[in-house]
Amino acid sequence: MAMVDTASRISSPSDLASVQEQLAAAAEGRRRVLVCSTGCLAIGAREVEATFRSEVAAAGLEGEVDVVRTGCHGLCAMAPVAVIEPHDIVYGRNRVKYVPNVITETVMKGEVIRRFCYGRDEAMAHTDDIPFYAHQTKRVLRNVGRVDPTEIDDAIQRGVYGAAATALAGLEPDQVVEEVKASGLRGRGGGGFPAGLKWEICKQNPGKDRYLICNADEGDPGAFMDRALLEGDPHSVLEGMIIAAYAVEATGGVIYVRAEYPIAVRHIRIAIDQARERGLLGTDILGSGFSFDIDVREGAGAFVCGEETAMIASLEGQRGIARPKPPYPAVRGYYGEPTVINNVETFANVPLIVDEGGAGFAERGTDGSKGTKIFALAGQVNNTGLVEVPMGATIRDIVFGIGGGMPRNREFKAVQMGGPSGGCVPAAHLDLPIDYDSLKEVGAIMGSGGMIVMDNTTCIVDIARYFIAFCAEESCGLCAPCRLGTPQLEEILNRITEGRGTLDDLDTLESLGEVVKEMSLCGLGQTAPNPVMSTLRHFRDEYLAHVVDKTCPAGVCKALLPVEDGKDT
Amino acid sequence: MDAHPMGDAMAAVDLGPAHAVLERMAPVDHGHAIPLLQNIQDTYGYLPPSVLLELSDETGIPAAHLFGLATFYAQFHLEEHGRHTVRVCRGTACHVRGRQVIQEAIDEELGIEPGETTEDRRFSLETVACVGTCFLAPVVMVDNDYFGKVDPKKVGDIVAGYE
Ligand SMILES: Cc1cc2nc3c(=O)[nH]c(=O)nc-3n(C[C@H](O)[C@H](O)[C@H](O)COP(=O)(O)O)c2cc1C
Ligand code: FES
């Protein structure tokens with residue numbers, strides 16, 4: 001990159017603006033190969049990236065072509081993925097041996113090579129042409145895949161920290177809270193509580209200190225939105241936290257990250273160090289007089305620690321055990337002080353609100369749910385990956401428009417949303433506009449954004465059993481309804497999948513599920529029966545097949561498979 | 001001294017590295033108990049009970065509390081682990097894409113079940129609830145390396161890469 005004085009501390013908003021301008025001018029029109037170096041690492045991205053680097057050097061193109069390690073491009077099904085700028089060509093299934101050819105043809109001449117294109121179709125080389133991208137609205141994800149997350153200059157060049165500068169220099173803390181309230185932003189961690197209101201409640205409570213916690217535990221199996229944000233654009237998460245801290249006048253911050261995400265942990269730590277060095281975090285941020293710093297803490301492998309009161313217990317060095325609410329953390333949280341806990345994606349939305357104003361932000365979405373939502377699309381769908389759509393998009397848009405439908409044209413059966421606290425949405429609701437409230441009506445929840453697509457090879461009863469087993473194992477054990485009720489539900493479902501179920505069992509599932517929901521102490525138990533209840537509601541026939549006909553229509557439950565002739569069992 | 005209630009578990013362990021961790025983290029109070037255990041486990045590969053007692057003496061955090069944490073959180077183990085940790089994802093995406101078969105193949109390949117360590121201490125086997133690469137389901141992690149779209153016939157090749 002060209003000569004920009006980037007090493008020094010940025011001490012005012014105008015400093016930031018001029019550094020940003022210089023960086024942007026230097027980046028203009030550059031040839032860049034953006035290789036996903038996060039999720040795609042699992043499938044050879046490091047070797048591909050290294051080869052791009054060595055081949056660029058061998059061709060004497062180092063001054064002309066930048067090879068950049070980025071976060072996720074979203075199209076994970078085509079891993080390893082690289083985007084080539086300035087042409088904006090997306091290549092998947094990259095292999096080391098093809099790299100020299102890609103450099104001479106595509107990077108240097110802008111010519112498209114069919115075999116790497118989406119659907120191996122030349123007409124789908126550019127991001128705008130690919131349905132997977134064309135149906136999305138990338139806002140929170142705008143920088144993911146476009147920056148090297150370990151280089152703060154890349155973030156600054158893309159405008160990150162601009163909103164923090166605006167807020168710290170131009171808005172009163174209460175004004176920031178007002179804008180966030182006006183934006184209608186609701187928590188992206190699953191509960192959907194209005195963020196601005198939470199901040200206001202926290203501010204109304206006097207405390208010696210006031211804390212801000214970023215919930216990066218991402219415990220729902222099948223969800224990887226927060227992982228992608230932390231790995232691919234950690235500075236935007238930090239920026240959101242800085243703005244929030246300023247708004248609620250927080251004195252300290254913590255990011256609680258799942259230890260199972262080693263790259264996310266690494267990137268967020270690097271980002272924090274770099275932001276501190278440049279005066280964007282720590283004492284006297286951007287010369288505003290406001291000071292705030294952030295600690296990173298790694299989880300220790302307990303799902304329940306994603307629940308806010310359990311998380312606080314864990315941060316205080318206790319076992320991760322939830323406590324009854326109220327009082328909510330905003331009133332009595334970390335070390336008894338008022339504490340705002342928000343999810344990674346919630347924080348990542350905050351800079352957009354400052355940039356556009358609350359009303360501007362609220363233009364997207366539905367009445368009750370504003371902005372966009374990131375979903376992690378996985379399971380039996382062609383384009384598994386990371387997608388961002390406006391609230392109110394339909395499940396059909398996501399699964400078929402963006403996701404490209406089922407592999408081998410199999411039949412869509414359901415989509416599981418919200419993980420162990422959520423439910424299955426059947427084909428009849430494919431056209432349901434997704435928002436917090438509509439999903440609740442059909443017995444599912446928005447959850448954090450994991451969407452697991454299921455086709456006719458997935459057994460619904462097995463899925464219900466799977467989730468209950470998960471919750472039974474993760475129950476912290478404090479309250480009896482959850483500790484004892486979830487294994488009992490599991491036992492019944494085991495019976496049904498093993499062909500020993502009765503019609504009475506279905507009634508027991510419902511009544512016991514109701515008890516666990518009503519009587520459990522924390523969200524884990526209160527929501528654990530949801531996957532069972534929602535599948536009983538939408539897929540009763542499949543339960544009946546197991547119980548009455550002793551068959552598993554999906555062919556999953558081993559005990560219920562027909563014994564084939566000639567095969568010894 | 002020789003009849004310690006914890007028997008073998010109290011076999012001599014060098015406390016030097018534990019003191020180094022304490023020094024690096026000082027001052028250590030209750031709130032740091034989990035990062036403390038994480039650092040100790042990084043250092044020793046597990047949480048040797050004699051080290052936990054020493055930590056308790058040094059920090060004033062009751063030993064019962066440290067043992068309570070060590071048994072509550074899945075990440076911690078009180079027994080020596082294998083040189084490598086194999087984690088089979090039991091997340092939803094992996095579940096619907098056949099992780100059961102992978103689990104069985106790996107159990108068989110290593111001759112142990114989740115939660116156990118091979119006799120030669122080469123591998124410990126664990127399960128994990130989603131490692132966040134669900135698009136590659138079914139997924140297996142060995143140490144910090146990811147393996148995606150795992151074929152049950154190929155699990156032998158995967159573990160062969162780790163001595
Ligand atoms: C069992 C359980 C697990 C949870 N796991 C997470 C999680 O992994 N990530 C998260 O952001 N919120 C999780 N939550 C929700 C948090 O308790 C809390 O509502 C959230 O962090 C608030 O942030 P938000 O308002 O920005 O969503 C969980 C809740 C429960 C009951
Ligand atoms: S479910 Fe296995 S990686 Fe997410």
# chains A, B, ... in the order shown; residues from 1 in each chain; ligands from 1
>>> closest_atom_pairs(of="chain A", to="ligand 1", cutoff="7 Å", atoms="only C-alpha atoms and all ligand atoms", output="Markdown table")
| residue | atom | partner | partner_atom_place_in_ligand_line | distance |
| --- | --- | --- | --- | --- |
| A:Arg186 | CA | ligand 1 | 25 (O) | 6.5 |
| A:Gly187 | CA | ligand 1 | 25 (O) | 3.3 |
| A:Arg188 | CA | ligand 1 | 27 (O) | 4.2 |
| A:Gly189 | CA | ligand 1 | 27 (O) | 3.2 |
| A:Gly190 | CA | ligand 1 | 27 (O) | 5.3 |
| A:Gly191 | CA | ligand 1 | 19 (O) | 5.1 |
| A:Gly192 | CA | ligand 1 | 27 (O) | 5.7 |
| A:Phe193 | CA | ligand 1 | 25 (O) | 5.1 |
| A:Pro194 | CA | ligand 1 | 25 (O) | 6.9 |
| A:Ala195 | CA | ligand 1 | 25 (O) | 6.0 |
| A:Asn215 | CA | ligand 1 | 11 (O) | 4.7 |
| A:Ala216 | CA | ligand 1 | 9 (N) | 5.8 |
| A:Asp217 | CA | ligand 1 | 8 (O) | 4.3 |
| A:Glu218 | CA | ligand 1 | 8 (O) | 3.4 |
| A:Gly219 | CA | ligand 1 | 8 (O) | 3.9 |
| A:Asp220 | CA | ligand 1 | 8 (O) | 6.0 |
| A:Phe303 | CA | ligand 1 | 3 (C) | 6.2 |
| A:Val304 | CA | ligand 1 | 1 (C) | 4.7 |
| A:Cys305 | CA | ligand 1 | 3 (C) | 6.6 |
| A:Gly306 | CA | ligand 1 | 5 (N) | 3.4 |
| A:Glu307 | CA | ligand 1 | 17 (O) | 3.4 |
| A:Glu308 | CA | ligand 1 | 17 (O) | 3.9 |
| A:Ile341 | CA | ligand 1 | 22 (C) | 5.4 |
| A:Asn342 | CA | ligand 1 | 26 (O) | 3.3 |
| A:Asn343 | CA | ligand 1 | 26 (O) | 3.8 |
| A:Val344 | CA | ligand 1 | 11 (O) | 6.6 |
| A:Thr346 | CA | ligand 1 | 26 (O) | 4.9 |
| A:Ser448 | CA | ligand 1 | 10 (C) | 6.9 |
| A:Cys522 | CA | ligand 1 | 31 (C) | 6.0 |
| A:Gly523 | CA | ligand 1 | 31 (C) | 3.3 |
| A:Leu524 | CA | ligand 1 | 1 (C) | 3.7 |
>>> residues_near_ligand(ligand="ligand 2", cutoff="7 Å", atoms="only C-alpha atoms and all ligand atoms", output="list of chain:residue names")
A:Pro221, A:Gly222, A:Ala223, B:Cys89, B:Arg90, B:Gly91, B:Thr92, B:Ala93, B:Cys94, B:His95, B:Ala129, B:Cys130, B:Val131, B:Gly132, B:Thr133, B:Cys134, B:Leu136, B:Ala137, B:Pro138, B:Val139
>>> closest_residue(among="B:Leu69, B:Asp107, B:Pro114, B:Val21", to="Arg319 (chain A)", atoms="only C-alpha atoms")
B:Leu69
>>> residues_around(residues="Tyr146 (chain B)", least_positions_apart="2", cutoff="8 Å", atoms="only C-alpha atoms", output="list in words")
Leu41, Ala42 and Ile43 of chain A; Val139, Val140, Met141, Val142, Asn144 and Gly148 of chain B
>>> residues_around(residues="region 62-66 of chain B", least_positions_apart="3", cutoff="12 Å", atoms="only C-alpha atoms", output="PyMOL selection string")
(chain A and resi 317-319) or (chain B and resi 29-38+40+47-59+69-73+76-78)
>>> write_last_selection(atoms="N, CA and C atoms", output="compact mmCIF listing (two decimals), in the first residue's frame")
# COMPACT_ATOMS: atom_id res chain seq x y z
N GLY A 317 -16.00 -15.71 38.00
CA GLY A 317 -15.20 -16.84 38.49
C GLY A 317 -16.03 -17.93 39.14
N GLN A 318 -17.34 -17.92 38.89
CA GLN A 318 -18.22 -18.94 39.48
C GLN A 318 -18.55 -20.00 38.43
N ARG A 319 -19.21 -21.05 38.90
CA ARG A 319 -19.77 -21.99 37.94
C ARG A 319 -20.86 -21.26 37.17
N ASP B 29 -7.49 -12.83 41.71
CA ASP B 29 -8.57 -12.94 42.71
C ASP B 29 -9.64 -13.89 42.19
N HIS B 30 -10.73 -14.03 42.93
CA HIS B 30 -11.82 -14.92 42.56
C HIS B 30 -12.26 -14.77 41.10
N GLY B 31 -12.36 -13.53 40.66
CA GLY B 31 -12.87 -13.26 39.32
C GLY B 31 -11.99 -13.84 38.23
N HIS B 32 -10.72 -14.13 38.58
CA HIS B 32 -9.81 -14.67 37.57
C HIS B 32 -9.69 -16.18 37.62
N ALA B 33 -10.55 -16.81 38.40
CA ALA B 33 -10.40 -18.24 38.61
C ALA B 33 -10.44 -19.02 37.29
N ILE B 34 -11.35 -18.64 36.39
CA ILE B 34 -11.47 -19.42 35.15
C ILE B 34 -10.28 -19.18 34.21
N PRO B 35 -9.93 -17.91 33.93
CA PRO B 35 -8.71 -17.73 33.14
C PRO B 35 -7.49 -18.39 33.78
N LEU B 36 -7.44 -18.40 35.10
CA LEU B 36 -6.32 -19.06 35.78
C LEU B 36 -6.29 -20.55 35.43
N LEU B 37 -7.42 -21.19 35.56
CA LEU B 37 -7.48 -22.62 35.23
C LEU B 37 -7.18 -22.84 33.74
N GLN B 38 -7.65 -21.92 32.89
CA GLN B 38 -7.37 -22.08 31.45
C GLN B 38 -5.87 -22.01 31.19
N ILE B 40 -3.49 -22.65 33.34
CA ILE B 40 -2.84 -23.82 33.93
C ILE B 40 -3.02 -25.03 33.00
N LEU B 47 -5.45 -30.35 34.40
CA LEU B 47 -5.39 -29.67 35.69
C LEU B 47 -4.95 -30.69 36.75
N PRO B 48 -3.67 -30.77 36.99
CA PRO B 48 -3.22 -31.75 37.99
C PRO B 48 -3.76 -31.34 39.37
N PRO B 49 -4.42 -32.27 40.07
CA PRO B 49 -5.02 -31.92 41.36
C PRO B 49 -4.03 -31.29 42.33
N SER B 50 -2.79 -31.75 42.35
CA SER B 50 -1.83 -31.15 43.29
C SER B 50 -1.60 -29.67 42.95
N VAL B 51 -1.67 -29.35 41.66
CA VAL B 51 -1.50 -27.96 41.26
C VAL B 51 -2.69 -27.13 41.74
N LEU B 52 -3.90 -27.71 41.65
CA LEU B 52 -5.07 -26.97 42.11
C LEU B 52 -4.94 -26.64 43.60
N LEU B 53 -4.44 -27.60 44.38
CA LEU B 53 -4.27 -27.33 45.81
C LEU B 53 -3.26 -26.21 46.02
N GLU B 54 -2.20 -26.23 45.24
CA GLU B 54 -1.19 -25.18 45.35
C GLU B 54 -1.80 -23.82 44.98
N LEU B 55 -2.59 -23.80 43.92
CA LEU B 55 -3.23 -22.55 43.50
C LEU B 55 -4.10 -22.02 44.62
N SER B 56 -4.80 -22.93 45.26
CA SER B 56 -5.68 -22.53 46.35
C SER B 56 -4.86 -21.90 47.47
N ASP B 57 -3.74 -22.54 47.84
CA ASP B 57 -2.87 -21.98 48.88
C ASP B 57 -2.38 -20.60 48.50
N GLU B 58 -2.02 -20.46 47.25
CA GLU B 58 -1.40 -19.20 46.82
C GLU B 58 -2.40 -18.06 46.67
N THR B 59 -3.62 -18.39 46.26
CA THR B 59 -4.56 -17.32 45.93
C THR B 59 -5.63 -17.13 46.99
N LEU B 69 -15.24 -25.75 39.69
CA LEU B 69 -15.14 -25.18 38.34
C LEU B 69 -14.60 -26.23 37.37
N ALA B 70 -13.60 -26.95 37.82
CA ALA B 70 -12.94 -27.92 36.95
C ALA B 70 -13.90 -29.02 36.51
N THR B 71 -14.87 -29.32 37.36
CA THR B 71 -15.80 -30.38 36.97
C THR B 71 -17.04 -29.83 36.27
N PHE B 72 -17.36 -28.54 36.48
CA PHE B 72 -18.55 -27.97 35.84
C PHE B 72 -18.30 -27.69 34.36
N TYR B 73 -17.17 -27.12 34.04
CA TYR B 73 -16.92 -26.70 32.66
C TYR B 73 -16.30 -27.84 31.84
N PHE B 76 -12.43 -28.32 30.99
CA PHE B 76 -11.38 -28.73 31.93
C PHE B 76 -11.34 -30.23 32.14
N HIS B 77 -10.15 -30.77 32.34
CA HIS B 77 -10.05 -32.16 32.76
C HIS B 77 -8.98 -32.32 33.82
N LEU B 78 -9.26 -33.22 34.73
CA LEU B 78 -8.40 -33.41 35.89
C LEU B 78 -7.39 -34.52 35.66
>>> closest_residue(among="B:Glu23, B:Asp151, B:Glu163, B:Asp145", to="chain A", atoms="only C-alpha atoms")
B:Asp145
>>> closest_residue(among="A:Asp284, A:Asp549, A:Glu49, A:Glu298", to="chain B", atoms="only C-alpha atoms")
A:Glu298
>>> residues_around(residues="region 468-478 of chain A", least_positions_apart="6", cutoff="8 Å", atoms="only C-alpha atoms", output="PyMOL selection string")
chain A and resi 302-304+320-322+420+486-487+489-490+524-525+528-529+531-532
>>> atom_distance(atom1="CA of Arg121 (chain B)", atom2="CA of Lys154 (chain B)")
21.8 Å
>>> select_by_dssp(residues="region 340-536 of chain A", states="strand (DSSP E)", output="ChimeraX atom specification")
/A:340-343,372-379,385-390,412-417,423-426,450-455
>>> select_by_dssp(residues="region 306-503 of chain A", states="helix (DSSP H, G or I)", output="PyMOL selection string")
chain A and resi 306+308-315+334-336+344-361+395-402+407-409+419-421+427-429+436-441+460-474+480-497+503
>>> atom_distance(atom1="CA of Gly371 (chain A)", atom2="CA of Ala228 (chain A)")
18.6 Å
>>> atom_distance(atom1="CA of Leu509 (chain A)", atom2="CA of Met533 (chain A)")
8.0 Å
>>> residues_around(residues="Ile89 (chain A)", least_positions_apart="6", cutoff="7 Å", atoms="only C-alpha atoms", output="list of chain:residue names")
A:Val83, A:Ala125, A:His126, A:Thr127
>>> write_last_selection(atoms="N, CA, C and O atoms", output="PDB file, in the first residue's frame")
ATOM      1  N   VAL A  83     -12.293 -13.586  -3.780  1.00  0.00           N
ATOM      2  CA  VAL A  83     -12.913 -12.537  -4.584  1.00  0.00           C
ATOM      3  C   VAL A  83     -11.785 -11.711  -5.193  1.00  0.00           C
ATOM      4  O   VAL A  83     -10.798 -11.403  -4.526  1.00  0.00           O
ATOM      5  N   ALA A 125     -20.143 -14.735 -12.837  1.00  0.00           N
ATOM      6  CA  ALA A 125     -18.807 -14.514 -12.312  1.00  0.00           C
ATOM      7  C   ALA A 125     -18.789 -13.386 -11.283  1.00  0.00           C
ATOM      8  O   ALA A 125     -18.057 -13.443 -10.306  1.00  0.00           O
ATOM      9  N   HIS A 126     -19.581 -12.357 -11.528  1.00  0.00           N
ATOM     10  CA  HIS A 126     -19.517 -11.161 -10.685  1.00  0.00           C
ATOM     11  C   HIS A 126     -20.541 -11.236  -9.566  1.00  0.00           C
ATOM     12  O   HIS A 126     -21.616 -11.795  -9.736  1.00  0.00           O
ATOM     13  N   THR A 127     -20.200 -10.618  -8.435  1.00  0.00           N
ATOM     14  CA  THR A 127     -21.098 -10.718  -7.283  1.00  0.00           C
ATOM     15  C   THR A 127     -22.528 -10.320  -7.646  1.00  0.00           C
ATOM     16  O   THR A 127     -23.468 -10.970  -7.209  1.00  0.00           O
TER      17      THR A 127
END
>>> residues_around(residues="region 157-159 of chain B", least_positions_apart="6", cutoff="9 Å", atoms="only C-alpha atoms", output="list of chain:residue names")
B:Val86, B:Ile106, B:Glu109, B:Leu110, B:Phe123, B:Val142, B:Phe147
>>> write_last_selection(atoms="N, CA, C and O atoms", output="mmCIF file, in the first residue's frame")
data_model
loop_
_atom_site.group_PDB
_atom_site.id
_atom_site.type_symbol
_atom_site.label_atom_id
_atom_site.label_comp_id
_atom_site.auth_asym_id
_atom_site.auth_seq_id
_atom_site.Cartn_x
_atom_site.Cartn_y
_atom_site.Cartn_z
ATOM 1 N N VAL B 86 -9.093 -34.996 19.607
ATOM 2 C CA VAL B 86 -9.990 -35.142 18.463
ATOM 3 C C VAL B 86 -11.382 -34.752 18.934
ATOM 4 O O VAL B 86 -11.863 -35.274 19.942
ATOM 5 N N ILE B 106 -14.829 -43.098 14.201
ATOM 6 C CA ILE B 106 -13.691 -42.597 14.977
ATOM 7 C C ILE B 106 -13.539 -43.378 16.276
ATOM 8 O O ILE B 106 -12.423 -43.731 16.665
ATOM 9 N N GLU B 109 -11.823 -46.417 15.192
ATOM 10 C CA GLU B 109 -10.440 -46.176 14.779
ATOM 11 C C GLU B 109 -9.534 -46.004 16.000
ATOM 12 O O GLU B 109 -8.435 -46.537 16.054
ATOM 13 N N LEU B 110 -10.003 -45.240 16.974
ATOM 14 C CA LEU B 110 -9.157 -44.960 18.134
ATOM 15 C C LEU B 110 -9.343 -45.991 19.246
ATOM 16 O O LEU B 110 -8.541 -46.051 20.174
ATOM 17 N N PHE B 123 -4.125 -39.802 21.695
ATOM 18 C CA PHE B 123 -5.353 -39.059 21.433
ATOM 19 C C PHE B 123 -6.309 -39.055 22.613
ATOM 20 O O PHE B 123 -6.452 -40.064 23.301
ATOM 21 N N VAL B 142 -9.082 -31.701 14.904
ATOM 22 C CA VAL B 142 -7.981 -32.297 15.652
ATOM 23 C C VAL B 142 -7.132 -31.118 16.101
ATOM 24 O O VAL B 142 -6.676 -30.322 15.268
ATOM 25 N N PHE B 147 -11.436 -30.393 9.881
ATOM 26 C CA PHE B 147 -11.616 -31.300 8.747
ATOM 27 C C PHE B 147 -13.090 -31.315 8.398
ATOM 28 O O PHE B 147 -13.933 -31.602 9.255
#
>>> closest_residue(among="A:Gly403, A:Gly357, A:Gly336, A:Gly301", to="chain B", atoms="only C-alpha atoms")
A:Gly301
>>> closest_residue(among="B:His81, B:Lys153, B:Arg97, B:His19", to="chain A", atoms="only C-alpha atoms")
B:Arg97
>>> closest_residue(among="B:Arg99, B:Arg83, B:Arg24, B:Arg122", to="chain A", atoms="only C-alpha atoms")
B:Arg99
>>> decode(residues="region 39-57 of chain A", atoms="N, CA, C and O atoms", output="PDB file, in the first residue's frame")
ATOM      1  N   GLY A  39     -13.283 -19.509   7.733  1.00  0.00           N
ATOM      2  CA  GLY A  39     -13.958 -20.796   7.557  1.00  0.00           C
ATOM      3  C   GLY A  39     -13.299 -21.661   6.496  1.00  0.00           C
ATOM      4  O   GLY A  39     -13.154 -22.874   6.658  1.00  0.00           O
ATOM      5  N   CYS A  40     -12.858 -21.044   5.396  1.00  0.00           N
ATOM      6  CA  CYS A  40     -12.295 -21.813   4.293  1.00  0.00           C
ATOM      7  C   CYS A  40     -10.960 -22.462   4.646  1.00  0.00           C
ATOM      8  O   CYS A  40     -10.471 -23.312   3.899  1.00  0.00           O
ATOM      9  N   LEU A  41     -10.357 -22.062   5.764  1.00  0.00           N
ATOM     10  CA  LEU A  41      -9.108 -22.705   6.185  1.00  0.00           C
ATOM     11  C   LEU A  41      -9.285 -24.208   6.335  1.00  0.00           C
ATOM     12  O   LEU A  41      -8.337 -24.972   6.177  1.00  0.00           O
ATOM     13  N   ALA A  42     -10.517 -24.589   6.654  1.00  0.00           N
ATOM     14  CA  ALA A  42     -10.776 -26.003   6.879  1.00  0.00           C
ATOM     15  C   ALA A  42     -10.653 -26.793   5.586  1.00  0.00           C
ATOM     16  O   ALA A  42     -10.640 -28.012   5.598  1.00  0.00           O
ATOM     17  N   ILE A  43     -10.569 -26.091   4.481  1.00  0.00           N
ATOM     18  CA  ILE A  43     -10.599 -26.826   3.224  1.00  0.00           C
ATOM     19  C   ILE A  43      -9.563 -26.274   2.237  1.00  0.00           C
ATOM     20  O   ILE A  43      -9.781 -26.110   1.051  1.00  0.00           O
ATOM     21  N   GLY A  44      -8.406 -25.944   2.800  1.00  0.00           N
ATOM     22  CA  GLY A  44      -7.249 -25.656   1.947  1.00  0.00           C
ATOM     23  C   GLY A  44      -6.987 -24.206   1.584  1.00  0.00           C
ATOM     24  O   GLY A  44      -6.183 -23.922   0.697  1.00  0.00           O
ATOM     25  N   ALA A  45      -7.647 -23.243   2.250  1.00  0.00           N
ATOM     26  CA  ALA A  45      -7.474 -21.845   1.876  1.00  0.00           C
ATOM     27  C   ALA A  45      -6.059 -21.336   2.129  1.00  0.00           C
ATOM     28  O   ALA A  45      -5.545 -20.505   1.386  1.00  0.00           O
ATOM     29  N   ARG A  46      -5.436 -21.842   3.202  1.00  0.00           N
ATOM     30  CA  ARG A  46      -4.094 -21.331   3.533  1.00  0.00           C
ATOM     31  C   ARG A  46      -3.124 -21.621   2.392  1.00  0.00           C
ATOM     32  O   ARG A  46      -2.353 -20.756   1.978  1.00  0.00           O
ATOM     33  N   GLU A  47      -3.196 -22.825   1.839  1.00  0.00           N
ATOM     34  CA  GLU A  47      -2.288 -23.209   0.763  1.00  0.00           C
ATOM     35  C   GLU A  47      -2.573 -22.374  -0.488  1.00  0.00           C
ATOM     36  O   GLU A  47      -1.665 -21.926  -1.178  1.00  0.00           O
ATOM     37  N   VAL A  48      -3.859 -22.144  -0.754  1.00  0.00           N
ATOM     38  CA  VAL A  48      -4.232 -21.351  -1.924  1.00  0.00           C
ATOM     39  C   VAL A  48      -3.695 -19.926  -1.775  1.00  0.00           C
ATOM     40  O   VAL A  48      -3.077 -19.365  -2.685  1.00  0.00           O
ATOM     41  N   GLU A  49      -3.871 -19.375  -0.602  1.00  0.00           N
ATOM     42  CA  GLU A  49      -3.431 -17.999  -0.359  1.00  0.00           C
ATOM     43  C   GLU A  49      -1.914 -17.897  -0.488  1.00  0.00           C
ATOM     44  O   GLU A  49      -1.385 -16.976  -1.116  1.00  0.00           O
ATOM     45  N   ALA A  50      -1.216 -18.862   0.105  1.00  0.00           N
ATOM     46  CA  ALA A  50       0.252 -18.841   0.044  1.00  0.00           C
ATOM     47  C   ALA A  50       0.722 -18.934  -1.409  1.00  0.00           C
ATOM     48  O   ALA A  50       1.689 -18.281  -1.801  1.00  0.00           O
ATOM     49  N   THR A  51       0.014 -19.722  -2.200  1.00  0.00           N
ATOM     50  CA  THR A  51       0.404 -19.863  -3.596  1.00  0.00           C
ATOM     51  C   THR A  51       0.157 -18.567  -4.374  1.00  0.00           C
ATOM     52  O   THR A  51       0.976 -18.156  -5.190  1.00  0.00           O
ATOM     53  N   PHE A  52      -0.981 -17.922  -4.097  1.00  0.00           N
ATOM     54  CA  PHE A  52      -1.209 -16.614  -4.732  1.00  0.00           C
ATOM     55  C   PHE A  52      -0.045 -15.675  -4.410  1.00  0.00           C
ATOM     56  O   PHE A  52       0.494 -14.996  -5.278  1.00  0.00           O
ATOM     57  N   ARG A  53       0.359 -15.673  -3.153  1.00  0.00           N
ATOM     58  CA  ARG A  53       1.432 -14.794  -2.721  1.00  0.00           C
ATOM     59  C   ARG A  53       2.738 -15.116  -3.459  1.00  0.00           C
ATOM     60  O   ARG A  53       3.389 -14.226  -4.015  1.00  0.00           O
ATOM     61  N   SER A  54       3.085 -16.406  -3.493  1.00  0.00           N
ATOM     62  CA  SER A  54       4.376 -16.742  -4.098  1.00  0.00           C
ATOM     63  C   SER A  54       4.342 -16.550  -5.610  1.00  0.00           C
ATOM     64  O   SER A  54       5.312 -16.104  -6.210  1.00  0.00           O
ATOM     65  N   GLU A  55       3.199 -16.827  -6.219  1.00  0.00           N
ATOM     66  CA  GLU A  55       3.110 -16.660  -7.672  1.00  0.00           C
ATOM     67  C   GLU A  55       3.110 -15.180  -8.064  1.00  0.00           C
ATOM     68  O   GLU A  55       3.667 -14.807  -9.089  1.00  0.00           O
ATOM     69  N   VAL A  56       2.477 -14.365  -7.252  1.00  0.00           N
ATOM     70  CA  VAL A  56       2.492 -12.926  -7.521  1.00  0.00           C
ATOM     71  C   VAL A  56       3.932 -12.427  -7.442  1.00  0.00           C
ATOM     72  O   VAL A  56       4.402 -11.668  -8.292  1.00  0.00           O
ATOM     73  N   ALA A  57       4.654 -12.900  -6.433  1.00  0.00           N
ATOM     74  CA  ALA A  57       6.049 -12.498  -6.282  1.00  0.00           C
ATOM     75  C   ALA A  57       6.873 -12.997  -7.469  1.00  0.00           C
ATOM     76  O   ALA A  57       7.657 -12.251  -8.051  1.00  0.00           O
TER      77      ALA A  57
END
